[in-house]
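For reference, my_file-v9.cif (mmCIF, N, CA and C atoms):
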data_protein
loop_
_atom_site.label_atom_id
_atom_site.label_comp_id
_atom_site.auth_asym_id
_atom_site.auth_seq_id
_atom_site.Cartn_x
_atom_site.Cartn_y
_atom_site.Cartn_z
N MET A 11 29.86 -106.28 10.76
CA MET A 11 29.56 -107.32 11.70
C MET A 11 28.36 -106.91 12.55
N THR A 12 27.39 -107.78 12.66
CA THR A 12 26.17 -107.50 13.41
C THR A 12 26.42 -107.64 14.91
N THR A 13 25.93 -106.67 15.66
CA THR A 13 26.00 -106.69 17.12
C THR A 13 24.73 -107.34 17.65
N THR A 14 24.88 -108.29 18.56
CA THR A 14 23.72 -108.95 19.16
C THR A 14 23.52 -108.47 20.58
N LEU A 15 22.28 -108.09 20.88
CA LEU A 15 21.89 -107.72 22.24
C LEU A 15 20.84 -108.73 22.69
N VAL A 16 21.02 -109.30 23.87
CA VAL A 16 20.05 -110.23 24.44
C VAL A 16 19.08 -109.43 25.29
N ILE A 17 17.79 -109.63 25.05
CA ILE A 17 16.75 -108.97 25.83
C ILE A 17 16.01 -110.04 26.62
N GLY A 18 16.17 -110.01 27.93
CA GLY A 18 15.49 -110.98 28.79
C GLY A 18 14.15 -110.44 29.23
N LEU A 19 13.09 -111.16 28.88
CA LEU A 19 11.75 -110.77 29.29
C LEU A 19 11.22 -111.74 30.33
N ASP A 20 10.38 -111.23 31.24
CA ASP A 20 9.80 -112.10 32.27
C ASP A 20 8.28 -112.18 32.19
N GLY A 21 7.70 -111.59 31.16
CA GLY A 21 6.25 -111.66 31.00
C GLY A 21 5.48 -110.60 31.78
N HIS A 22 6.18 -109.70 32.47
CA HIS A 22 5.53 -108.65 33.22
C HIS A 22 5.55 -107.35 32.43
N LYS A 23 4.82 -106.38 32.92
CA LYS A 23 4.69 -105.09 32.25
C LYS A 23 6.03 -104.39 32.09
N SER A 24 6.98 -104.65 32.99
CA SER A 24 8.29 -104.02 32.90
C SER A 24 9.01 -104.37 31.59
N GLY A 25 8.56 -105.44 30.94
CA GLY A 25 9.15 -105.83 29.67
C GLY A 25 9.00 -104.78 28.59
N ASP A 26 7.96 -103.95 28.70
CA ASP A 26 7.78 -102.87 27.72
C ASP A 26 8.96 -101.91 27.78
N ARG A 27 9.40 -101.58 28.98
CA ARG A 27 10.54 -100.66 29.14
C ARG A 27 11.83 -101.31 28.64
N VAL A 28 11.95 -102.61 28.87
CA VAL A 28 13.14 -103.34 28.40
C VAL A 28 13.17 -103.32 26.87
N LEU A 29 12.03 -103.59 26.24
CA LEU A 29 11.96 -103.56 24.78
C LEU A 29 12.24 -102.17 24.24
N ASP A 30 11.70 -101.14 24.89
CA ASP A 30 11.94 -99.77 24.44
C ASP A 30 13.43 -99.44 24.48
N TYR A 31 14.11 -99.85 25.54
CA TYR A 31 15.54 -99.60 25.64
C TYR A 31 16.30 -100.37 24.56
N GLY A 32 15.92 -101.62 24.34
CA GLY A 32 16.55 -102.42 23.29
C GLY A 32 16.39 -101.78 21.92
N LYS A 33 15.19 -101.27 21.65
CA LYS A 33 14.96 -100.57 20.38
C LYS A 33 15.86 -99.36 20.24
N ARG A 34 15.95 -98.60 21.33
CA ARG A 34 16.78 -97.40 21.31
C ARG A 34 18.25 -97.76 21.05
N MET A 35 18.75 -98.78 21.72
CA MET A 35 20.15 -99.20 21.52
C MET A 35 20.37 -99.72 20.09
N ALA A 36 19.42 -100.50 19.59
CA ALA A 36 19.55 -101.02 18.22
C ALA A 36 19.57 -99.87 17.22
N GLY A 37 18.79 -98.84 17.47
CA GLY A 37 18.79 -97.67 16.59
C GLY A 37 20.13 -96.95 16.60
N LEU A 38 20.77 -96.90 17.74
CA LEU A 38 22.07 -96.25 17.84
C LEU A 38 23.18 -97.09 17.21
N ILE A 39 23.07 -98.40 17.38
CA ILE A 39 24.12 -99.30 16.86
C ILE A 39 23.99 -99.49 15.35
N LYS A 40 22.77 -99.47 14.86
CA LYS A 40 22.44 -99.69 13.43
C LYS A 40 22.48 -101.16 13.04
N ASP A 41 23.63 -101.76 12.86
CA ASP A 41 23.72 -103.15 12.45
C ASP A 41 23.60 -104.03 13.70
N CYS A 42 22.35 -104.28 14.11
CA CYS A 42 22.09 -104.91 15.40
C CYS A 42 20.96 -105.92 15.29
N GLU A 43 21.13 -107.03 16.00
CA GLU A 43 20.06 -108.02 16.12
C GLU A 43 19.68 -108.11 17.59
N LEU A 44 18.38 -108.07 17.85
CA LEU A 44 17.87 -108.22 19.20
C LEU A 44 17.39 -109.66 19.38
N LEU A 45 17.90 -110.34 20.38
CA LEU A 45 17.52 -111.71 20.67
C LEU A 45 16.68 -111.70 21.93
N VAL A 46 15.38 -111.90 21.77
CA VAL A 46 14.44 -111.89 22.89
C VAL A 46 14.43 -113.28 23.53
N VAL A 47 14.69 -113.31 24.84
CA VAL A 47 14.79 -114.59 25.56
C VAL A 47 13.82 -114.59 26.73
N TYR A 48 13.07 -115.67 26.83
CA TYR A 48 12.20 -115.90 27.98
C TYR A 48 12.63 -117.21 28.62
N VAL A 49 12.79 -117.20 29.94
CA VAL A 49 13.24 -118.40 30.64
C VAL A 49 12.11 -118.89 31.55
N VAL A 50 11.73 -120.14 31.33
CA VAL A 50 10.76 -120.80 32.20
C VAL A 50 11.56 -121.49 33.30
N GLU A 51 11.32 -121.08 34.54
CA GLU A 51 12.03 -121.71 35.65
C GLU A 51 11.74 -123.20 35.65
N TRP A 52 12.78 -124.00 35.78
CA TRP A 52 12.63 -125.45 35.65
C TRP A 52 13.58 -126.15 36.60
N SER A 53 13.07 -127.11 37.33
CA SER A 53 13.94 -127.89 38.22
C SER A 53 13.46 -129.34 38.21
N PRO A 54 14.01 -130.16 37.33
CA PRO A 54 13.59 -131.55 37.26
C PRO A 54 13.99 -132.31 38.53
N TYR A 55 13.13 -133.21 38.91
CA TYR A 55 13.38 -134.01 40.11
C TYR A 55 13.94 -135.37 39.71
N SER A 56 15.08 -135.72 40.27
CA SER A 56 15.73 -136.97 39.89
C SER A 56 15.05 -138.19 40.51
N PHE A 57 14.20 -137.98 41.50
CA PHE A 57 13.57 -139.11 42.17
C PHE A 57 12.25 -139.53 41.53
N GLN A 58 11.86 -138.89 40.44
CA GLN A 58 10.61 -139.24 39.78
C GLN A 58 10.76 -140.50 38.94
N THR A 59 9.63 -141.13 38.68
CA THR A 59 9.63 -142.32 37.84
C THR A 59 9.79 -141.90 36.38
N PRO A 60 10.16 -142.82 35.50
CA PRO A 60 10.26 -142.49 34.07
C PRO A 60 8.93 -141.98 33.50
N GLU A 61 7.82 -142.52 33.99
CA GLU A 61 6.50 -142.06 33.51
C GLU A 61 6.25 -140.61 33.93
N GLU A 62 6.60 -140.29 35.18
CA GLU A 62 6.42 -138.92 35.66
C GLU A 62 7.32 -137.95 34.89
N ASN A 63 8.53 -138.38 34.61
CA ASN A 63 9.43 -137.53 33.83
C ASN A 63 8.92 -137.32 32.40
N ALA A 64 8.32 -138.35 31.81
CA ALA A 64 7.76 -138.21 30.46
C ALA A 64 6.60 -137.21 30.46
N GLU A 65 5.76 -137.28 31.48
CA GLU A 65 4.65 -136.33 31.59
C GLU A 65 5.18 -134.92 31.82
N ARG A 66 6.19 -134.82 32.61
CA ARG A 66 6.80 -133.52 32.88
C ARG A 66 7.40 -132.93 31.60
N HIS A 67 7.98 -133.79 30.77
CA HIS A 67 8.53 -133.33 29.50
C HIS A 67 7.42 -132.76 28.61
N LYS A 68 6.26 -133.40 28.60
CA LYS A 68 5.13 -132.88 27.81
C LYS A 68 4.72 -131.51 28.32
N ARG A 69 4.64 -131.35 29.65
CA ARG A 69 4.28 -130.05 30.22
C ARG A 69 5.33 -129.01 29.86
N ARG A 70 6.57 -129.42 29.86
CA ARG A 70 7.66 -128.50 29.50
C ARG A 70 7.49 -127.99 28.08
N GLU A 71 7.18 -128.87 27.16
CA GLU A 71 6.96 -128.47 25.77
C GLU A 71 5.77 -127.52 25.66
N ASN A 72 4.71 -127.76 26.42
CA ASN A 72 3.56 -126.86 26.44
C ASN A 72 3.95 -125.49 26.99
N GLU A 73 4.77 -125.48 28.03
CA GLU A 73 5.21 -124.21 28.61
C GLU A 73 6.04 -123.40 27.62
N ILE A 74 6.89 -124.06 26.87
CA ILE A 74 7.70 -123.39 25.86
C ILE A 74 6.79 -122.76 24.81
N SER A 75 5.84 -123.54 24.33
CA SER A 75 4.91 -123.06 23.30
C SER A 75 4.10 -121.86 23.81
N THR A 76 3.59 -121.97 25.02
CA THR A 76 2.78 -120.89 25.60
C THR A 76 3.61 -119.63 25.80
N ALA A 77 4.82 -119.77 26.32
CA ALA A 77 5.68 -118.60 26.53
C ALA A 77 6.03 -117.93 25.20
N MET A 78 6.29 -118.74 24.20
CA MET A 78 6.60 -118.17 22.88
C MET A 78 5.41 -117.38 22.37
N GLU A 79 4.24 -117.97 22.48
CA GLU A 79 3.01 -117.34 21.96
C GLU A 79 2.63 -116.08 22.73
N ARG A 80 2.73 -116.11 24.05
CA ARG A 80 2.23 -115.01 24.87
C ARG A 80 3.25 -113.92 25.16
N VAL A 81 4.53 -114.25 25.17
CA VAL A 81 5.54 -113.26 25.56
C VAL A 81 6.48 -112.92 24.40
N VAL A 82 7.11 -113.93 23.82
CA VAL A 82 8.16 -113.69 22.84
C VAL A 82 7.60 -113.22 21.50
N ASP A 83 6.61 -113.91 20.95
CA ASP A 83 6.07 -113.53 19.64
C ASP A 83 5.54 -112.09 19.60
N PRO A 84 4.75 -111.64 20.61
CA PRO A 84 4.32 -110.23 20.59
C PRO A 84 5.50 -109.25 20.63
N ALA A 85 6.54 -109.59 21.40
CA ALA A 85 7.72 -108.72 21.45
C ALA A 85 8.41 -108.66 20.10
N LEU A 86 8.55 -109.82 19.46
CA LEU A 86 9.19 -109.86 18.13
C LEU A 86 8.38 -109.06 17.12
N GLU A 87 7.07 -109.19 17.18
CA GLU A 87 6.21 -108.44 16.26
C GLU A 87 6.43 -106.94 16.44
N GLU A 88 6.49 -106.49 17.68
CA GLU A 88 6.72 -105.06 17.95
C GLU A 88 8.08 -104.61 17.43
N LEU A 89 9.10 -105.40 17.65
CA LEU A 89 10.45 -105.04 17.20
C LEU A 89 10.54 -105.01 15.68
N LYS A 90 9.93 -105.98 15.03
CA LYS A 90 9.98 -106.04 13.57
C LYS A 90 9.17 -104.91 12.94
N LYS A 91 8.05 -104.53 13.58
CA LYS A 91 7.28 -103.38 13.10
C LYS A 91 8.11 -102.10 13.14
N ALA A 92 9.03 -102.05 14.10
CA ALA A 92 9.92 -100.89 14.23
C ALA A 92 11.09 -100.98 13.25
N GLY A 93 11.10 -102.02 12.41
CA GLY A 93 12.14 -102.17 11.40
C GLY A 93 13.43 -102.78 11.91
N LEU A 94 13.36 -103.46 13.04
CA LEU A 94 14.56 -104.03 13.65
C LEU A 94 14.68 -105.52 13.36
N GLN A 95 15.90 -105.97 13.34
CA GLN A 95 16.19 -107.40 13.17
C GLN A 95 16.05 -108.06 14.53
N ALA A 96 15.19 -109.09 14.63
CA ALA A 96 14.96 -109.72 15.93
C ALA A 96 14.55 -111.18 15.75
N ARG A 97 14.90 -111.96 16.76
CA ARG A 97 14.44 -113.35 16.83
C ARG A 97 14.28 -113.69 18.30
N GLY A 98 13.65 -114.83 18.58
CA GLY A 98 13.36 -115.15 19.96
C GLY A 98 13.61 -116.60 20.30
N VAL A 99 13.76 -116.85 21.60
CA VAL A 99 13.98 -118.19 22.09
C VAL A 99 13.39 -118.31 23.49
N VAL A 100 12.88 -119.51 23.79
CA VAL A 100 12.39 -119.83 25.13
C VAL A 100 13.17 -121.05 25.60
N ARG A 101 13.67 -120.97 26.83
CA ARG A 101 14.41 -122.09 27.41
C ARG A 101 13.95 -122.33 28.85
N HIS A 102 14.20 -123.53 29.32
CA HIS A 102 13.94 -123.88 30.72
C HIS A 102 15.24 -123.82 31.50
N GLY A 103 15.15 -123.40 32.74
CA GLY A 103 16.32 -123.41 33.59
C GLY A 103 16.30 -122.26 34.58
N HIS A 104 17.46 -121.95 35.10
CA HIS A 104 17.62 -120.82 36.02
C HIS A 104 17.87 -119.57 35.18
N VAL A 105 17.14 -118.52 35.48
CA VAL A 105 17.15 -117.32 34.64
C VAL A 105 18.55 -116.78 34.41
N ALA A 106 19.28 -116.50 35.47
CA ALA A 106 20.62 -115.90 35.31
C ALA A 106 21.53 -116.81 34.50
N GLU A 107 21.49 -118.09 34.79
CA GLU A 107 22.36 -119.04 34.09
C GLU A 107 22.02 -119.12 32.60
N ILE A 108 20.73 -119.19 32.29
CA ILE A 108 20.31 -119.31 30.89
C ILE A 108 20.63 -118.04 30.11
N LEU A 109 20.33 -116.88 30.67
CA LEU A 109 20.62 -115.63 29.94
C LEU A 109 22.12 -115.49 29.69
N ASN A 110 22.93 -115.84 30.66
CA ASN A 110 24.38 -115.77 30.47
C ASN A 110 24.83 -116.78 29.41
N THR A 111 24.29 -117.98 29.45
CA THR A 111 24.64 -119.01 28.46
C THR A 111 24.26 -118.58 27.05
N VAL A 112 23.05 -118.06 26.90
CA VAL A 112 22.61 -117.60 25.58
C VAL A 112 23.51 -116.48 25.08
N ALA A 113 23.84 -115.55 25.96
CA ALA A 113 24.73 -114.45 25.56
C ALA A 113 26.08 -114.97 25.08
N LYS A 114 26.62 -115.97 25.77
CA LYS A 114 27.90 -116.56 25.35
C LYS A 114 27.75 -117.29 24.02
N GLU A 115 26.69 -118.11 23.89
CA GLU A 115 26.47 -118.86 22.65
C GLU A 115 26.33 -117.96 21.44
N GLU A 116 25.71 -116.81 21.63
CA GLU A 116 25.41 -115.89 20.54
C GLU A 116 26.46 -114.80 20.37
N ASN A 117 27.52 -114.84 21.18
CA ASN A 117 28.54 -113.79 21.16
C ASN A 117 27.91 -112.40 21.32
N ALA A 118 26.95 -112.32 22.22
CA ALA A 118 26.25 -111.06 22.45
C ALA A 118 27.17 -110.05 23.12
N GLU A 119 26.88 -108.79 22.89
CA GLU A 119 27.66 -107.70 23.49
C GLU A 119 27.08 -107.26 24.82
N GLN A 120 25.80 -107.55 25.03
CA GLN A 120 25.14 -107.03 26.22
C GLN A 120 23.86 -107.81 26.48
N ILE A 121 23.44 -107.85 27.76
CA ILE A 121 22.15 -108.40 28.16
C ILE A 121 21.35 -107.26 28.75
N ILE A 122 20.10 -107.14 28.33
CA ILE A 122 19.21 -106.11 28.84
C ILE A 122 18.05 -106.81 29.54
N ILE A 123 17.83 -106.46 30.81
CA ILE A 123 16.76 -107.09 31.58
C ILE A 123 16.05 -106.04 32.42
N GLY A 124 14.89 -106.41 32.92
CA GLY A 124 14.14 -105.54 33.83
C GLY A 124 14.42 -105.89 35.27
N ARG A 125 14.28 -104.90 36.12
CA ARG A 125 14.41 -105.12 37.56
C ARG A 125 13.10 -105.70 38.06
N SER A 126 13.20 -106.74 38.82
CA SER A 126 12.00 -107.35 39.40
C SER A 126 11.44 -106.41 40.45
N SER A 127 10.15 -106.15 40.37
CA SER A 127 9.55 -105.26 41.37
C SER A 127 8.47 -105.95 42.17
N SER A 128 8.22 -107.22 41.91
CA SER A 128 7.14 -107.91 42.61
C SER A 128 7.60 -108.60 43.88
N LYS A 129 8.88 -108.60 44.16
CA LYS A 129 9.43 -109.28 45.33
C LYS A 129 9.81 -108.26 46.39
N GLY A 130 10.14 -108.76 47.55
CA GLY A 130 10.57 -107.90 48.64
C GLY A 130 11.92 -107.29 48.37
N LEU A 131 12.22 -106.25 49.09
CA LEU A 131 13.46 -105.51 48.90
C LEU A 131 14.69 -106.40 49.08
N ALA A 132 14.70 -107.21 50.10
CA ALA A 132 15.87 -108.06 50.36
C ALA A 132 16.11 -109.02 49.20
N GLU A 133 15.05 -109.62 48.68
CA GLU A 133 15.24 -110.56 47.57
C GLU A 133 15.69 -109.85 46.32
N ARG A 134 15.17 -108.65 46.09
CA ARG A 134 15.58 -107.91 44.91
C ARG A 134 17.08 -107.64 44.92
N PHE A 135 17.63 -107.38 46.09
CA PHE A 135 19.04 -107.05 46.15
C PHE A 135 19.95 -108.26 46.37
N PHE A 136 19.47 -109.26 47.07
CA PHE A 136 20.37 -110.34 47.47
C PHE A 136 20.05 -111.70 46.86
N GLY A 137 18.86 -111.92 46.34
CA GLY A 137 18.55 -113.26 45.89
C GLY A 137 17.84 -113.34 44.56
N SER A 138 17.70 -112.24 43.88
CA SER A 138 16.92 -112.25 42.64
C SER A 138 17.74 -112.74 41.47
N SER A 139 17.04 -113.15 40.44
CA SER A 139 17.70 -113.53 39.19
C SER A 139 18.48 -112.36 38.62
N THR A 140 17.94 -111.17 38.75
CA THR A 140 18.61 -109.98 38.24
C THR A 140 19.97 -109.80 38.91
N SER A 141 20.00 -109.82 40.22
CA SER A 141 21.28 -109.61 40.91
C SER A 141 22.24 -110.75 40.64
N ASN A 142 21.73 -111.98 40.56
CA ASN A 142 22.60 -113.12 40.24
C ASN A 142 23.23 -112.95 38.86
N LEU A 143 22.44 -112.48 37.91
CA LEU A 143 22.96 -112.27 36.56
C LEU A 143 24.01 -111.17 36.55
N VAL A 144 23.72 -110.07 37.20
CA VAL A 144 24.67 -108.96 37.24
C VAL A 144 26.01 -109.42 37.81
N MET A 145 25.97 -110.27 38.83
CA MET A 145 27.20 -110.72 39.47
C MET A 145 27.95 -111.79 38.67
N SER A 146 27.25 -112.50 37.77
CA SER A 146 27.90 -113.64 37.12
C SER A 146 28.05 -113.52 35.60
N ALA A 147 27.45 -112.53 34.99
CA ALA A 147 27.44 -112.43 33.53
C ALA A 147 28.82 -112.21 32.95
N HIS A 148 29.01 -112.75 31.76
CA HIS A 148 30.27 -112.60 31.04
C HIS A 148 30.27 -111.38 30.12
N VAL A 149 29.14 -110.70 30.04
CA VAL A 149 29.02 -109.48 29.25
C VAL A 149 28.32 -108.44 30.12
N PRO A 150 28.39 -107.17 29.73
CA PRO A 150 27.69 -106.13 30.52
C PRO A 150 26.18 -106.41 30.56
N VAL A 151 25.59 -106.07 31.69
CA VAL A 151 24.16 -106.23 31.90
C VAL A 151 23.57 -104.86 32.20
N THR A 152 22.54 -104.49 31.44
CA THR A 152 21.83 -103.25 31.70
C THR A 152 20.50 -103.62 32.35
N VAL A 153 20.24 -103.05 33.53
CA VAL A 153 19.01 -103.34 34.26
C VAL A 153 18.10 -102.13 34.15
N ILE A 154 16.92 -102.36 33.61
CA ILE A 154 15.94 -101.29 33.40
C ILE A 154 14.94 -101.32 34.56
N GLY A 155 14.79 -100.18 35.22
CA GLY A 155 13.88 -100.09 36.37
C GLY A 155 12.47 -99.82 35.97
#

As structure tokens:
Amino acid sequence: MTTTLVIGLDGHKSGDRVLDYGKRMAGLIKDCELLVVYVVEWSPYSFQTPEENAERHKRRENEISTAMERVVDPALEELKKAGLQARGVVRHGHVAEILNTVAKEENAEQIIIGRSSSKGLAERFFGSSTSNLVMSAHVPVTVIG
């Protein structure tokens, strides 16, 4: 039975360390698939007109395509060059919620993410996506510093 590990990337340099850890874990597990996930923060407004929502949907599709091209595809290429089984997905929503949902949908054993370092100390500990995920995830979360 293949073990699935979810790797959450945010498009920052810390993603390299997250990928390295995922590779190391996949090497130890052997029969492992790495699922690279990028979440585009998204908050649709219910007060917009149908035309505005249609335009927003087009932008959303462009954001998905761009994130796949710039973040997920290069990560997948690196993982596959290392001989690992990997696939990727981009979704819109709240980071912690989406990563947890994907992990549940895929019956993942673990989520691997990077610690945000671009925010203030208080937000990193009390309001970040990382801390929200750690507190709410249905599977273990490994945070790479």

What does the distance between atom CA of Gln58 of chain A and atom CA of Ala77 of chain A come to in Å, to one decimal place?
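Atom-to-atom, atom CA of Gln58 of chain A to atom CA of Ala77 of chain A, that is 25.0 Å.
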
Which residues match the PyMOL selection byres ((chain A and resi 148) around 8) in the file above, as a PyMOL selection string?
chain A and resi 109-111+113-114+118-120+143-147+149-151

Return the single residue from A:Arg80, A:Lys68, A:Lys40, A:Lys33 that is closest to Thr13 of chain A, with distances computed using only C-alpha atoms.
A:Lys40

Arg101 of chain A environment, 10 Å, only C-alpha atoms, sequence neighbours closer than 6 positions dropped, as number ranges by chain:
A: 47-52, 70-71, 73-74, 77-78, 108-109, 112

Output N, CA and C atoms for every residue in the selection just made, as a CSV table (one decimal), in the frame of the given file.
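In the end it all went to part.csv:
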chain,number,residue,atom,x,y,z
A,47,VAL,N,14.7,-113.3,24.8
A,47,VAL,CA,14.8,-114.6,25.6
A,47,VAL,C,13.8,-114.6,26.7
A,48,TYR,N,13.1,-115.7,26.8
A,48,TYR,CA,12.2,-115.9,28.0
A,48,TYR,C,12.6,-117.2,28.6
A,49,VAL,N,12.8,-117.2,29.9
A,49,VAL,CA,13.2,-118.4,30.6
A,49,VAL,C,12.1,-118.9,31.6
A,50,VAL,N,11.7,-120.1,31.3
A,50,VAL,CA,10.8,-120.8,32.2
A,50,VAL,C,11.6,-121.5,33.3
A,51,GLU,N,11.3,-121.1,34.5
A,51,GLU,CA,12.0,-121.7,35.6
A,51,GLU,C,11.7,-123.2,35.6
A,52,TRP,N,12.8,-124.0,35.8
A,52,TRP,CA,12.6,-125.4,35.6
A,52,TRP,C,13.6,-126.2,36.6
A,70,ARG,N,6.6,-129.4,29.9
A,70,ARG,CA,7.7,-128.5,29.5
A,70,ARG,C,7.5,-128.0,28.1
A,71,GLU,N,7.2,-128.9,27.2
A,71,GLU,CA,7.0,-128.5,25.8
A,71,GLU,C,5.8,-127.5,25.7
A,73,GLU,N,4.8,-125.5,28.0
A,73,GLU,CA,5.2,-124.2,28.6
A,73,GLU,C,6.0,-123.4,27.6
A,74,ILE,N,6.9,-124.1,26.9
A,74,ILE,CA,7.7,-123.4,25.9
A,74,ILE,C,6.8,-122.8,24.8
A,77,ALA,N,4.8,-119.8,26.3
A,77,ALA,CA,5.7,-118.6,26.5
A,77,ALA,C,6.0,-117.9,25.2
A,78,MET,N,6.3,-118.7,24.2
A,78,MET,CA,6.6,-118.2,22.9
A,78,MET,C,5.4,-117.4,22.4
A,108,ILE,N,20.7,-119.2,32.3
A,108,ILE,CA,20.3,-119.3,30.9
A,108,ILE,C,20.6,-118.0,30.1
A,109,LEU,N,20.3,-116.9,30.7
A,109,LEU,CA,20.6,-115.6,29.9
A,109,LEU,C,22.1,-115.5,29.7
A,112,VAL,N,23.0,-118.1,26.9
A,112,VAL,CA,22.6,-117.6,25.6
A,112,VAL,C,23.5,-116.5,25.1

With a distance cut-off of 8 Å and only C-alpha atoms, select the neighbouring residues of Ile154 of chain A, excluding the residue or stretch itself and same-chain residues fewer than 6 positions from it, and output the selection as a ChimeraX atom specification.
/A:27-28,31,122-125

Rounded to one decimal, what separation in Å do you get between atom CA of Gly32 of chain A and atom CA of Leu44 of chain A?
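Computing it gives 7.2 Å between the two atoms.
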
Please report, as an MDAnalysis selection string, each residue of chain A to which DSSP assigns strand (DSSP E or B) when run on this structure's backbone.
chainID A and resid 13:19 42:50 95:102 120:124 151:154

Point out the residue among A:Ser139, A:Gln95, A:Asn72, A:Thr152 with the least atom-to-atom distance to Glu107 of chain A, counting all atoms listed in the file.
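Smallest separation from Glu107 of chain A among the options: A:Ser139.
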
Output check: residues returned by the PyMOL selection byres ((chain A and resi 19) around 6), as number ranges by chain
A: 17-18, 20-22, 25, 46-49

Can you work out which one of A:Leu94, A:Ala85, A:Met11, A:Ala106 has the shortest atom-to-atom distance to Asp41 of chain A, counting only N, CA and C atoms?
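For Asp41 of chain A, the nearest of the given residues is A:Met11.
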
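Distance annotation: of A:Ala96, A:Asp83, A:Thr59, A:Glu65, the residue with the minimal separation from Ala36 of chain A is A:Ala96; atom set is only C-alpha atoms.
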
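Across the structure, atom C of Ser24 of chain A and atom CA of Glu87 of chain A are spaced 16.1 Å apart.
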
Based on the backbone DSSP call, show me all residues of segment 29-117 of chain A assigned alpha helix (DSSP H), as a count of residues only.
49

Please give the centre and size of the box around segment 70-86 of chain A (axis-aligned, containing every atom listed in the file, 5 Å added per side), with values in Å to one decimal and written as AutoDock Vina command-line options.
--center_x 5.7 --center_y -119.0 --center_z 23.5 --size_x 17.0 --size_y 30.8 --size_z 22.7
